[in-house]
>>> print(open('work-v7.txt').read())   # compact mmCIF, C-alpha atoms and all ligand atoms
# COMPACT_ATOMS: atom_id res chain seq x y z
CA MET D 323 11.27 -25.72 3.74
CA SER D 324 10.55 -25.02 0.07
CA SER D 325 12.61 -27.18 -2.28
CA ALA D 326 12.34 -25.26 -5.58
CA PRO D 327 14.70 -22.29 -5.52
CA SER D 328 12.75 -19.04 -5.49
CA SER D 329 13.76 -15.83 -7.24
CA HIS D 330 12.95 -14.10 -3.94
CA ARG D 331 15.44 -15.19 -1.27
CA ILE D 332 14.61 -12.79 1.49
CA LEU D 333 16.76 -12.29 4.54
CA LEU D 334 14.23 -10.78 6.94
CA GLY D 335 15.77 -8.92 9.85
CA VAL D 336 13.53 -8.34 12.88
CA SER D 337 14.78 -5.79 15.40
CA GLY D 338 13.54 -4.75 18.83
CA GLY D 339 10.28 -2.85 18.47
CA ILE D 340 6.67 -3.46 19.42
CA ALA D 341 5.83 -4.00 15.74
CA ALA D 342 7.95 -7.20 15.74
CA TYR D 343 4.76 -9.24 16.19
CA LYS D 344 3.47 -7.93 12.86
CA SER D 345 6.48 -9.43 11.10
CA ALA D 346 5.05 -12.91 11.66
CA GLU D 347 2.25 -11.94 9.25
CA LEU D 348 4.86 -10.54 6.86
CA VAL D 349 6.68 -13.91 6.84
CA ARG D 350 3.39 -15.68 6.16
CA LEU D 351 2.59 -13.41 3.21
CA LEU D 352 6.06 -13.70 1.70
CA ILE D 353 6.07 -17.51 1.99
CA LYS D 354 2.57 -17.65 0.49
CA ALA D 355 3.82 -15.60 -2.46
CA GLY D 356 6.55 -18.21 -3.09
CA ALA D 357 9.52 -16.44 -1.48
CA GLU D 358 12.15 -18.19 0.63
CA VAL D 359 12.54 -16.38 3.92
CA GLN D 360 15.40 -16.59 6.41
CA VAL D 361 14.59 -14.71 9.60
CA VAL D 362 17.37 -13.10 11.63
CA MET D 363 16.37 -11.59 15.00
CA THR D 364 18.28 -9.17 17.15
CA GLU D 365 18.67 -9.84 20.86
CA ALA D 366 16.09 -7.12 21.62
CA ALA D 367 13.58 -8.51 19.09
CA GLN D 368 13.43 -11.75 21.09
CA HIS D 369 11.96 -9.84 24.03
CA PHE D 370 8.94 -9.02 21.89
CA VAL D 371 8.22 -12.26 20.00
CA GLY D 372 9.58 -15.79 20.14
CA ALA D 373 11.81 -17.28 17.45
CA ALA D 374 9.58 -20.39 17.34
CA THR D 375 6.80 -18.38 15.64
CA PHE D 376 9.09 -17.28 12.82
CA GLN D 377 10.64 -20.73 12.55
CA ALA D 378 7.22 -22.35 12.13
CA LEU D 379 6.09 -19.79 9.55
CA SER D 380 9.30 -19.68 7.51
CA GLY D 381 10.22 -23.36 7.75
CA ARG D 382 13.77 -22.38 8.63
CA ALA D 383 15.62 -22.16 11.92
CA VAL D 384 15.82 -18.53 12.98
CA ARG D 385 19.32 -17.09 13.27
CA THR D 386 19.95 -14.95 16.33
CA HIS D 387 23.63 -14.91 17.19
CA LEU D 388 26.90 -14.28 15.44
CA TRP D 389 28.62 -16.66 17.83
CA ASP D 390 26.57 -19.79 17.09
CA PRO D 391 28.93 -22.61 16.08
CA ALA D 392 26.17 -24.97 14.90
CA ALA D 393 24.49 -22.33 12.71
CA GLU D 394 27.84 -21.12 11.38
CA ALA D 395 28.75 -24.69 10.44
CA ALA D 396 25.45 -25.11 8.54
CA MET D 397 25.58 -21.78 6.68
CA GLY D 398 28.19 -19.24 7.71
CA HIS D 399 27.13 -15.64 8.03
CA ILE D 400 29.03 -14.62 4.90
CA GLU D 401 27.38 -17.43 2.96
CA LEU D 402 23.99 -16.27 4.31
CA ALA D 403 24.74 -12.70 3.23
CA ARG D 404 25.53 -13.99 -0.29
CA TRP D 405 22.42 -16.23 -0.37
CA ALA D 406 20.01 -13.30 0.02
CA SER D 407 18.53 -11.71 -3.11
CA GLN D 408 17.32 -8.92 -0.82
CA VAL D 409 17.62 -7.89 2.78
CA VAL D 410 14.44 -6.57 4.40
CA ILE D 411 14.33 -5.28 7.95
CA ALA D 412 10.90 -4.98 9.54
CA PRO D 413 10.61 -3.49 12.03
CA ALA D 414 13.79 -1.43 11.81
CA SER D 415 14.37 0.11 15.25
CA ALA D 416 15.89 3.56 15.73
CA ASP D 417 18.87 1.83 17.31
CA LEU D 418 19.42 -0.48 14.36
CA LEU D 419 19.12 2.42 11.89
CA ALA D 420 21.86 4.21 13.85
CA ARG D 421 24.10 1.16 13.86
CA LEU D 422 23.59 0.54 10.14
CA ALA D 423 24.26 4.19 9.32
CA GLN D 424 27.54 3.95 11.24
CA GLY D 425 28.53 0.63 9.67
CA HIS D 426 28.57 -1.35 12.90
CA ALA D 427 28.96 -5.12 12.86
CA ASP D 428 28.21 -5.74 16.52
CA ASP D 429 25.55 -8.43 16.08
CA LEU D 430 24.51 -10.94 13.43
CA LEU D 431 21.95 -8.69 11.67
CA ALA D 432 24.23 -5.65 11.43
CA THR D 433 27.10 -7.87 10.24
CA LEU D 434 24.91 -9.42 7.54
CA CYS D 435 23.86 -5.97 6.32
CA LEU D 436 27.52 -5.00 5.94
CA ALA D 437 28.45 -8.29 4.31
CA SER D 438 25.60 -8.41 1.80
CA ALA D 439 25.54 -6.70 -1.58
CA ALA D 440 21.79 -7.38 -1.90
CA PRO D 441 19.33 -4.45 -2.00
CA LEU D 442 18.33 -3.32 1.48
CA SER D 443 14.76 -2.31 2.42
CA LEU D 444 14.01 -0.86 5.84
CA ALA D 445 10.56 -0.55 7.44
CA PRO D 446 11.13 1.75 10.43
CA ALA D 447 8.78 1.55 13.41
CA MET D 448 9.08 3.68 16.50
CA ASN D 449 7.50 6.32 18.71
CA ARG D 450 6.82 9.53 16.76
CA GLN D 451 9.36 11.56 18.77
CA MET D 452 12.07 8.98 18.09
CA TRP D 453 11.13 9.10 14.40
CA ALA D 454 11.17 12.91 14.24
CA HIS D 455 14.48 13.19 16.12
CA PRO D 456 17.18 14.80 13.93
CA ALA D 457 19.56 11.92 14.75
CA THR D 458 17.11 9.35 13.34
CA GLN D 459 16.40 11.50 10.29
CA ALA D 460 20.13 12.04 9.64
CA ASN D 461 20.74 8.27 9.89
CA LEU D 462 17.93 7.67 7.40
CA ASP D 463 19.30 10.26 4.99
CA LEU D 464 22.65 8.53 5.08
CA LEU D 465 21.11 5.11 4.50
CA ARG D 466 18.95 6.48 1.68
CA GLN D 467 21.99 8.05 0.01
CA ARG D 468 23.67 4.65 0.10
CA GLY D 469 20.71 3.13 -1.75
CA ALA D 470 18.56 1.71 1.04
CA ARG D 471 14.84 1.75 0.31
CA ILE D 472 12.80 3.15 3.18
CA LEU D 473 9.30 1.68 3.40
CA GLY D 474 7.06 3.95 5.45
CA PRO D 475 6.53 4.55 8.25
CA ALA D 476 2.80 5.24 8.31
CA ALA D 477 1.04 7.75 10.50
CA GLY D 478 -1.65 6.85 13.00
CA GLU D 479 -2.24 5.56 16.50
CA GLN D 480 0.88 4.12 18.13
CA ALA D 481 1.35 1.35 20.70
CA CYS D 482 2.56 3.99 23.19
CA GLY D 483 -0.82 5.75 22.92
CA GLU D 484 0.48 8.69 20.92
CA VAL D 485 -0.72 9.59 17.44
CA GLY D 486 1.72 10.49 14.69
CA GLU D 487 4.26 9.20 12.21
CA GLY D 488 6.24 6.09 13.16
CA ARG D 489 3.90 3.11 12.78
CA MET D 490 5.34 0.25 10.77
CA LEU D 491 3.67 -0.13 7.36
CA GLU D 492 1.13 -2.94 7.30
CA PRO D 493 2.70 -6.35 6.45
CA SER D 494 0.72 -6.55 3.20
CA ALA D 495 2.13 -3.20 2.04
CA ILE D 496 5.68 -4.29 2.89
CA ALA D 497 5.19 -7.65 1.15
CA THR D 498 3.90 -5.88 -1.97
CA ALA D 499 6.82 -3.45 -2.01
CA VAL D 500 9.32 -6.26 -1.50
CA LEU D 501 7.83 -8.57 -4.12
CA THR D 502 6.96 -5.95 -6.72
CA PRO D 503 10.45 -5.07 -8.02
CA SER D 504 10.53 -8.25 -10.14
CA VAL D 505 7.75 -6.73 -12.27
CA GLY D 506 8.44 -3.21 -11.10
CA GLY D 507 9.72 -0.17 -12.82
CA VAL D 508 7.02 -0.53 -15.49
CA LEU D 509 5.48 2.74 -14.33
CA GLN D 510 8.80 4.52 -13.94
CA GLY D 511 8.45 8.12 -15.08
CA ARG D 512 4.63 7.92 -15.19
CA ARG D 513 2.37 10.18 -13.18
CA VAL D 514 -0.74 8.45 -11.89
CA LEU D 515 -3.75 10.18 -10.35
CA ILE D 516 -6.01 7.94 -8.29
CA SER D 517 -9.31 8.67 -6.56
CA ALA D 518 -10.35 6.42 -3.68
CA GLY D 519 -12.97 5.94 -1.00
CA PRO D 520 -16.54 7.15 -0.73
CA THR D 521 -17.82 10.70 -0.84
CA LEU D 522 -20.13 11.93 1.90
CA GLU D 523 -22.92 14.33 1.00
CA ASP D 524 -24.05 16.42 3.94
CA ILE D 525 -27.72 16.77 4.83
CA ASP D 526 -27.15 18.97 7.88
CA PRO D 527 -24.22 19.49 10.30
CA VAL D 528 -24.56 15.96 11.75
CA ARG D 529 -26.03 13.80 8.97
CA PHE D 530 -24.93 12.77 5.54
CA VAL D 531 -25.69 10.45 2.63
CA GLY D 532 -22.78 8.03 2.07
CA ASN D 533 -21.86 4.62 0.71
CA ARG D 534 -19.98 1.50 1.82
CA SER D 535 -16.70 2.07 -0.04
CA SER D 536 -13.74 1.53 2.34
CA GLY D 537 -11.10 3.04 0.03
CA LYS D 538 -8.92 -0.08 0.41
CA MET D 539 -8.83 -0.89 -3.32
CA GLY D 540 -7.82 2.65 -4.32
CA PHE D 541 -5.20 2.82 -1.56
CA ALA D 542 -3.78 -0.56 -2.62
CA ILE D 543 -3.55 0.70 -6.22
CA ALA D 544 -1.74 3.83 -5.01
CA GLN D 545 0.72 1.79 -2.94
CA VAL D 546 1.51 -0.65 -5.75
CA ALA D 547 1.71 2.07 -8.44
CA GLN D 548 4.28 3.87 -6.28
CA ALA D 549 6.23 0.63 -5.83
CA MET D 550 6.18 0.18 -9.64
CA GLY D 551 7.91 3.52 -10.03
CA ALA D 552 5.01 5.92 -10.62
CA GLU D 553 4.65 9.36 -9.12
CA VAL D 554 1.29 8.98 -7.41
CA THR D 555 -1.31 11.52 -6.31
CA LEU D 556 -4.19 10.07 -4.31
CA ILE D 557 -7.44 11.99 -3.91
CA ALA D 558 -9.04 10.35 -0.90
CA GLY D 559 -12.60 10.53 0.35
CA PRO D 560 -13.12 10.30 4.13
CA VAL D 561 -11.44 7.02 5.14
CA ALA D 562 -9.28 6.09 8.12
CA LEU D 563 -6.45 4.52 6.12
CA ALA D 564 -2.73 5.27 6.40
CA THR D 565 -1.20 7.14 3.47
CA PRO D 566 0.90 4.73 1.39
CA SER D 567 4.57 5.60 1.59
CA GLY D 568 5.81 8.03 -1.06
CA VAL D 569 2.29 8.94 -2.20
CA GLN D 570 0.96 12.51 -2.26
CA ARG D 571 -2.48 12.49 -0.61
CA VAL D 572 -5.26 15.06 -0.87
CA ASP D 573 -8.24 14.58 1.46
CA VAL D 574 -11.75 15.56 0.37
CA ARG D 575 -15.27 14.90 1.68
CA SER D 576 -17.93 15.51 -0.98
CA ALA D 577 -18.26 14.75 -4.69
CA LEU D 578 -17.92 18.45 -5.53
CA GLN D 579 -14.66 18.65 -3.54
CA MET D 580 -13.41 15.47 -5.21
CA ARG D 581 -14.14 16.91 -8.67
CA GLU D 582 -12.28 20.10 -7.81
CA ALA D 583 -9.25 18.21 -6.45
CA VAL D 584 -9.12 15.84 -9.45
CA LEU D 585 -9.28 18.70 -11.96
CA GLN D 586 -6.69 20.67 -9.98
CA HIS D 587 -4.20 17.76 -10.09
CA LEU D 588 -4.94 16.53 -13.63
CA ASP D 589 -2.31 18.48 -15.54
CA GLY D 590 0.61 16.33 -16.65
CA GLN D 591 -0.92 13.04 -15.46
CA HIS D 592 -0.43 9.98 -17.66
CA VAL D 593 -3.17 7.91 -16.04
CA PHE D 594 -6.34 8.66 -14.07
CA ILE D 595 -7.74 5.71 -12.13
CA ALA D 596 -11.17 6.55 -10.77
CA ALA D 597 -11.53 4.00 -7.97
CA ALA D 598 -13.61 6.27 -5.71
CA ALA D 599 -17.27 5.51 -5.16
CA VAL D 600 -18.48 9.04 -5.86
CA ALA D 601 -22.06 9.68 -4.76
CA ASP D 602 -24.34 10.04 -7.78
CA TYR D 603 -26.61 12.46 -5.91
CA ARG D 604 -26.34 15.02 -3.12
CA PRO D 605 -29.02 16.79 -1.08
CA ARG D 606 -30.30 19.84 -2.96
CA GLU D 607 -29.78 21.91 0.18
CA VAL D 608 -27.56 21.45 3.21
CA ALA D 609 -29.39 22.64 6.32
CA ALA D 610 -27.32 25.08 8.34
CA GLN D 611 -28.67 23.61 11.57
CA LYS D 612 -29.58 20.11 12.66
CA ILE D 613 -32.97 19.13 11.20
CA LYS D 614 -35.40 18.53 14.07
CA LYS D 615 -37.45 15.36 14.39
CA CYS D 616 -40.97 16.80 13.95
CA ALA D 617 -42.97 15.27 11.12
CA ASP D 618 -43.52 11.51 10.61
CA THR D 619 -41.85 11.61 7.24
CA LEU D 620 -39.07 13.71 5.84
CA GLU D 621 -38.51 14.32 2.17
CA LEU D 622 -34.98 14.70 1.01
CA GLN D 623 -34.52 16.17 -2.46
CA LEU D 624 -31.40 14.97 -4.20
CA VAL D 625 -29.69 16.47 -7.25
CA ARG D 626 -27.21 14.86 -9.61
CA ASN D 627 -23.53 15.19 -8.85
CA PRO D 628 -21.08 15.82 -11.69
CA ASP D 629 -19.69 12.69 -13.37
CA ILE D 630 -15.98 13.19 -12.68
CA VAL D 631 -14.58 10.30 -14.73
CA ALA D 632 -16.71 11.20 -17.78
CA GLU D 633 -15.65 14.83 -17.49
CA VAL D 634 -11.96 13.84 -17.45
CA ALA D 635 -12.46 11.43 -20.37
CA ALA D 636 -14.15 14.22 -22.41
CA ARG D 637 -11.13 16.51 -22.19
CA GLN D 638 -8.87 17.02 -25.20
CA ASP D 639 -5.72 16.62 -23.13
CA ARG D 640 -6.98 13.52 -21.33
CA PRO D 641 -4.71 10.97 -19.72
CA LEU D 642 -5.43 7.25 -20.02
CA VAL D 643 -8.73 7.01 -18.13
CA VAL D 644 -9.59 3.91 -16.10
CA GLY D 645 -13.04 3.74 -14.53
CA PHE D 646 -14.45 1.37 -11.94
CA ALA D 647 -17.86 -0.24 -11.98
CA ALA D 648 -19.28 -1.78 -8.82
CA GLU D 649 -22.25 -3.83 -9.95
CA THR D 650 -24.65 -6.24 -8.31
CA ASN D 651 -26.02 -7.83 -11.51
CA ASP D 652 -25.21 -8.16 -15.24
CA VAL D 653 -21.68 -7.02 -14.41
CA GLU D 654 -20.22 -7.37 -17.91
CA SER D 655 -22.99 -5.61 -19.82
CA HIS D 656 -23.23 -2.74 -17.30
CA ALA D 657 -19.44 -2.30 -17.31
CA CYS D 658 -19.10 -2.37 -21.09
CA ASP D 659 -21.99 0.06 -21.45
CA LYS D 660 -20.23 2.45 -19.04
CA LEU D 661 -16.92 2.01 -20.91
CA ALA D 662 -18.53 3.11 -24.20
CA ARG D 663 -20.93 5.73 -22.82
CA LYS D 664 -18.27 7.57 -20.84
CA LYS D 665 -15.57 7.09 -23.50
CA LEU D 666 -13.18 5.46 -21.01
CA ASP D 667 -9.99 3.65 -22.03
CA MET D 668 -10.50 0.82 -19.55
CA ILE D 669 -13.02 -0.23 -16.96
CA ALA D 670 -12.46 -2.48 -13.95
CA ALA D 671 -15.69 -4.16 -12.91
CA ASN D 672 -16.34 -5.89 -9.63
CA ASP D 673 -19.34 -7.83 -8.54
CA VAL D 674 -20.12 -6.40 -5.11
CA SER D 675 -22.96 -8.87 -4.58
CA ILE D 676 -20.40 -11.63 -3.86
CA ALA D 677 -19.73 -11.89 -0.09
CA GLY D 678 -16.10 -11.42 0.98
CA GLN D 679 -14.95 -9.28 -1.90
CA GLY D 680 -15.33 -5.67 -2.95
CA PHE D 681 -16.64 -3.12 -0.43
CA GLU D 682 -15.06 -3.21 3.07
CA SER D 683 -13.17 -6.40 2.24
CA GLU D 684 -9.43 -7.18 2.09
CA ARG D 685 -10.00 -9.15 -1.11
CA ASN D 686 -11.34 -8.42 -4.54
CA ALA D 687 -11.70 -9.84 -8.03
CA LEU D 688 -11.99 -7.79 -11.20
CA ASN D 689 -12.94 -8.12 -14.81
CA VAL D 690 -11.07 -5.46 -16.75
CA TYR D 691 -12.41 -4.43 -20.16
CA TRP D 692 -11.06 -2.21 -22.90
CA HIS D 693 -12.32 -1.74 -26.44
CA ASP D 694 -10.72 -4.86 -27.91
CA GLY D 695 -9.79 -7.00 -24.95
CA MET D 696 -10.38 -8.07 -21.38
CA LEU D 697 -8.50 -9.45 -18.38
CA ARG D 698 -9.97 -11.57 -15.62
CA ILE D 699 -8.27 -11.03 -12.26
CA ALA D 700 -9.08 -13.95 -9.94
CA PRO D 701 -10.03 -13.37 -6.27
CA ALA D 702 -6.94 -12.29 -4.31
CA ARG D 703 -5.78 -9.75 -1.73
CA LYS D 704 -6.38 -6.20 -2.97
CA SER D 705 -2.61 -5.54 -3.26
CA GLU D 706 -2.25 -8.52 -5.63
CA VAL D 707 -5.32 -7.44 -7.62
CA ALA D 708 -3.80 -3.94 -7.82
CA ARG D 709 -0.51 -5.39 -9.09
CA GLN D 710 -2.23 -7.27 -11.92
CA LEU D 711 -4.45 -4.30 -12.80
CA LEU D 712 -1.48 -1.90 -12.93
CA THR D 713 0.60 -4.31 -15.02
CA CYS D 714 -2.31 -4.36 -17.49
CA ILE D 715 -2.63 -0.56 -17.38
CA ALA D 716 1.12 -0.19 -18.02
CA GLU D 717 0.76 -2.40 -21.10
CA ARG D 718 -2.23 -0.40 -22.38
CA LEU D 719 -0.31 2.80 -21.73
CA ALA D 720 2.61 1.54 -23.77
CA HIS D 721 0.22 0.69 -26.65
CA ALA D 722 -1.79 3.88 -26.45
CA THR D 723 -1.18 6.56 -28.96
CA GLY D 724 -1.49 10.15 -27.98
CA THR D 725 -0.63 9.59 -24.30
CA PRO D 726 2.46 11.35 -23.09
CA SER D 727 5.43 9.05 -22.52
C1 LIG L 1 8.69 -1.99 25.59
C2 LIG L 1 9.68 -1.43 24.61
C3 LIG L 1 9.25 -1.07 23.37
C4 LIG L 1 10.14 -0.54 22.43
N1 LIG L 1 9.68 -0.22 21.19
C5 LIG L 1 10.54 0.28 20.28
C6 LIG L 1 10.07 0.63 18.99
O1 LIG L 1 8.90 0.46 18.63
N2 LIG L 1 10.97 1.15 18.11
C7 LIG L 1 12.28 1.34 18.45
O2 LIG L 1 13.02 1.83 17.61
N3 LIG L 1 12.73 1.02 19.67
C8 LIG L 1 11.92 0.50 20.59
N4 LIG L 1 12.38 0.16 21.84
C9 LIG L 1 13.80 0.31 22.14
C10 LIG L 1 14.62 -0.81 21.52
O3 LIG L 1 14.11 -2.07 21.88
C11 LIG L 1 16.07 -0.67 21.96
O4 LIG L 1 16.58 0.52 21.39
C12 LIG L 1 16.94 -1.84 21.53
O5 LIG L 1 18.26 -1.58 21.93
C13 LIG L 1 16.89 -2.08 20.03
O6 LIG L 1 17.79 -3.10 19.72
P1 LIG L 1 17.98 -3.65 18.24
O7 LIG L 1 18.06 -2.47 17.37
O8 LIG L 1 19.26 -4.42 18.29
O9 LIG L 1 16.85 -4.56 17.95
C14 LIG L 1 11.51 -0.37 22.78
C15 LIG L 1 11.93 -0.76 24.06
C16 LIG L 1 11.05 -1.27 24.95
C17 LIG L 1 11.54 -1.68 26.30
>>> encode(input="work-v7.txt", output="structure tokens", more="lines below")
Ligand SMILES: Cc1cc2nc3c(=O)[nH]c(=O)nc-3n(C[C@H](O)[C@H](O)[C@H](O)COP(=O)(O)O)c2cc1C
Amino acid sequence: MSSAPSSHRILLGVSGGIAAYKSAELVRLLIKAGAEVQVVMTEAAQHFVGAATFQALSGRAVRTHLWDPAAEAAMGHIELARWASQVVIAPASADLLARLAQGHADDLLATLCLASAAPLSLAPAMNRQMWAHPATQANLDLLRQRGARILGPAAGEQACGEVGEGRMLEPSAIATAVLTPSVGGVLQGRRVLISAGPTLEDIDPVRFVGNRSSGKMGFAIAQVAQAMGAEVTLIAGPVALATPSGVQRVDVRSALQMREAVLQHLDGQHVFIAAAAVADYRPREVAAQKIKKCADTLELQLVRNPDIVAEVAARQDRPLVVGFAAETNDVESHACDKLARKKLDMIAANDVSIAGQGFESERNALNVYWHDGMLRIAPARKSEVARQLLTCIAERLAHATGTPS
């Protein structure tokens, strides 16, 4: 058990859904970030995952029953409700949402939710039909109106084999949303446009020229910017990543489509973060039919793609423009050259030659440069890197003259 009191005292409710196993990872991430976590499981949750796992990860005995004399003697349920600086429920089952909406106090978790004045965050997880049901949606509306924060759900493949909305947000996204409010709100009222992922440049109907960008950094930035209060539009190249909750997503494939989408959504933006790895070149011609394997060699003529970030930075009514530089050598000089040449406000440089960070990885490290300063962001999960980058951007935005406020 951690001895120093943390500013994050999280009462984590786990209810009865398949996604309960993912909450073990959530506990691990929260503890790692310095939070104190008290897990409370519903009866149904214990059918999916054992309390011992949560106990080992949180360092605290898991609470499961209202009628537990020993636990009540140690810390009564009202005391526990007062202890929490926030209540987070992940996964939140359809059944629990219904009980919370109706104000039930028929088990320990529901009673704690009624007895606590702490902010409540709910990460729903359920089959897509259960999610779409008007009863579930009405319960959510009611809970939202009362101030509950709804995290997700995401869309994608579900445990039941169906595809649709209802997957619990990934633990890292929930942890970021839960931990961000202490620095959050700094982007309140700001509109942030973010590009992410690779672009694919078609050669013929079955082949393309692409790159190794996974889109994870741009998606993490979108998720964290939203949690910090920004209105976020994400222009995404072809990636199989869930849309961060509350973010408007526009899917594109090629550099030309990405340029068009960026320019279309640029009006009124305060910040443009160009995290996408836009292909520098595209095939001069796209063959209408599959190119046959005839000759020993095949020449592919490539032409330059437009430079989207430079084009945005050249506009009179430009937002604060943040570029990205993925370099394999002389990172600082290449990044600073790009900052000046393209007239960017900031550039975030990563060294993609280092194994385990950058492309396709969960982790990253950045050196961020602007005309009279720099910030070194040490290797960390991409959500944490995004948090530090956005905090820096919010500061630059506050200092900038000529940007809309
Ligand atoms: C195998 C299985 C999987 C289930 N998965 C979910 C789920 O993902 N989401 C959900 O809302 N309910 C799910 N349920 C139904 C809940 O477990 C059930 O409604 C239970 O009463 C919820 O109790 P609780 O809200 O107190 O945890 C599932 C049930 C079973 C048997």
>>> residues_near_ligand(input="work-v7.txt", ligand="ligand LIG 1 (chain L)", cutoff="10 Å", atoms="all atoms listed in the file", output="JSON, numbers by chain")
{"D": [335, 336, 337, 338, 339, 340, 341, 342, 363, 364, 365, 366, 367, 368, 369, 370, 413, 414, 415, 416, 417, 418, 419, 420, 421, 422, 428, 429, 430, 431, 432, 446, 447, 448, 449, 450, 452, 453, 458, 480, 481, 482, 488, 489, 490]}
>>> write_last_selection(input="work-v7.txt", atoms="C-alpha atoms", output="compact mmCIF listing (two decimals), in the frame of the given file")
# COMPACT_ATOMS: atom_id res chain seq x y z
CA GLY D 335 15.77 -8.92 9.85
CA VAL D 336 13.53 -8.34 12.88
CA SER D 337 14.78 -5.79 15.40
CA GLY D 338 13.54 -4.75 18.83
CA GLY D 339 10.28 -2.85 18.47
CA ILE D 340 6.67 -3.46 19.42
CA ALA D 341 5.83 -4.00 15.74
CA ALA D 342 7.95 -7.20 15.74
CA MET D 363 16.37 -11.59 15.00
CA THR D 364 18.28 -9.17 17.15
CA GLU D 365 18.67 -9.84 20.86
CA ALA D 366 16.09 -7.12 21.62
CA ALA D 367 13.58 -8.51 19.09
CA GLN D 368 13.43 -11.75 21.09
CA HIS D 369 11.96 -9.84 24.03
CA PHE D 370 8.94 -9.02 21.89
CA PRO D 413 10.61 -3.49 12.03
CA ALA D 414 13.79 -1.43 11.81
CA SER D 415 14.37 0.11 15.25
CA ALA D 416 15.89 3.56 15.73
CA ASP D 417 18.87 1.83 17.31
CA LEU D 418 19.42 -0.48 14.36
CA LEU D 419 19.12 2.42 11.89
CA ALA D 420 21.86 4.21 13.85
CA ARG D 421 24.10 1.16 13.86
CA LEU D 422 23.59 0.54 10.14
CA ASP D 428 28.21 -5.74 16.52
CA ASP D 429 25.55 -8.43 16.08
CA LEU D 430 24.51 -10.94 13.43
CA LEU D 431 21.95 -8.69 11.67
CA ALA D 432 24.23 -5.65 11.43
CA PRO D 446 11.13 1.75 10.43
CA ALA D 447 8.78 1.55 13.41
CA MET D 448 9.08 3.68 16.50
CA ASN D 449 7.50 6.32 18.71
CA ARG D 450 6.82 9.53 16.76
CA MET D 452 12.07 8.98 18.09
CA TRP D 453 11.13 9.10 14.40
CA THR D 458 17.11 9.35 13.34
CA GLN D 480 0.88 4.12 18.13
CA ALA D 481 1.35 1.35 20.70
CA CYS D 482 2.56 3.99 23.19
CA GLY D 488 6.24 6.09 13.16
CA ARG D 489 3.90 3.11 12.78
CA MET D 490 5.34 0.25 10.77
>>> closest_atom_pairs(input="work-v7.txt", of="range 474-570 of chain D", to="range 391-412 of chain D", cutoff="10 Å", atoms="only C-alpha atoms", output="JSON lines")
{"residue": "D:Met490", "atom": "CA", "partner": "D:Ala412", "partner_atom": "CA", "distance": 7.7}
{"residue": "D:Leu491", "atom": "CA", "partner": "D:Ala412", "partner_atom": "CA", "distance": 9.0}
{"residue": "D:Pro493", "atom": "CA", "partner": "D:Ala412", "partner_atom": "CA", "distance": 8.9}
{"residue": "D:Ile496", "atom": "CA", "partner": "D:Ala412", "partner_atom": "CA", "distance": 8.5}
{"residue": "D:Ala497", "atom": "CA", "partner": "D:Val410", "partner_atom": "CA", "distance": 9.9}
{"residue": "D:Val500", "atom": "CA", "partner": "D:Val410", "partner_atom": "CA", "distance": 7.8}
>>> write_last_selection(input="work-v7.txt", atoms="C-alpha atoms", output="mmCIF file, in the coordinates of the input")
data_model
loop_
_atom_site.group_PDB
_atom_site.id
_atom_site.type_symbol
_atom_site.label_atom_id
_atom_site.label_comp_id
_atom_site.auth_asym_id
_atom_site.auth_seq_id
_atom_site.Cartn_x
_atom_site.Cartn_y
_atom_site.Cartn_z
ATOM 1 C CA MET D 490 5.340 0.250 10.770
ATOM 2 C CA LEU D 491 3.670 -0.130 7.360
ATOM 3 C CA PRO D 493 2.700 -6.350 6.450
ATOM 4 C CA ILE D 496 5.680 -4.290 2.890
ATOM 5 C CA ALA D 497 5.190 -7.650 1.150
ATOM 6 C CA VAL D 500 9.320 -6.260 -1.500
#
>>> atom_distance(input="work-v7.txt", atom1="CA of Ala599 in chain D", atom2="CA of Gly474 in chain D")
26.6 Å
>>> closest_atom_pairs(input="work-v7.txt", of="range 482-585 of chain D", to="range 633-645 of chain D", cutoff="10 Å", atoms="all atoms listed in the file", output="Markdown table")
| residue | atom | partner | partner_atom | distance |
| --- | --- | --- | --- | --- |
| D:Arg513 | CA | D:Pro641 | CA | 9.7 |
| D:Val514 | CA | D:Pro641 | CA | 9.1 |
| D:Leu515 | CA | D:Pro641 | CA | 9.5 |
| D:Ile516 | CA | D:Val644 | CA | 9.5 |
| D:Arg581 | CA | D:Glu633 | CA | 9.2 |
| D:Val584 | CA | D:Val634 | CA | 8.7 |
| D:Leu585 | CA | D:Val634 | CA | 7.8 |
>>> axis_aligned_box(input="work-v7.txt", around="range 545-553 of chain D", padding_each_side="6 Å", output="AutoDock Vina command-line options")
--center_x 4.3 --center_y 4.4 --center_z -6.8 --size_x 19.2 --size_y 22.0 --size_z 19.7
>>> residues_around(input="work-v7.txt", residues="range 543-545 of chain D", least_positions_apart="4", cutoff="9 Å", atoms="only C-alpha atoms", output="MDAnalysis selection string")
chainID D and resid 495 498:499 514:516 538:539 549:550 554:556 565:569 595 597 704:705 707:709 711:712
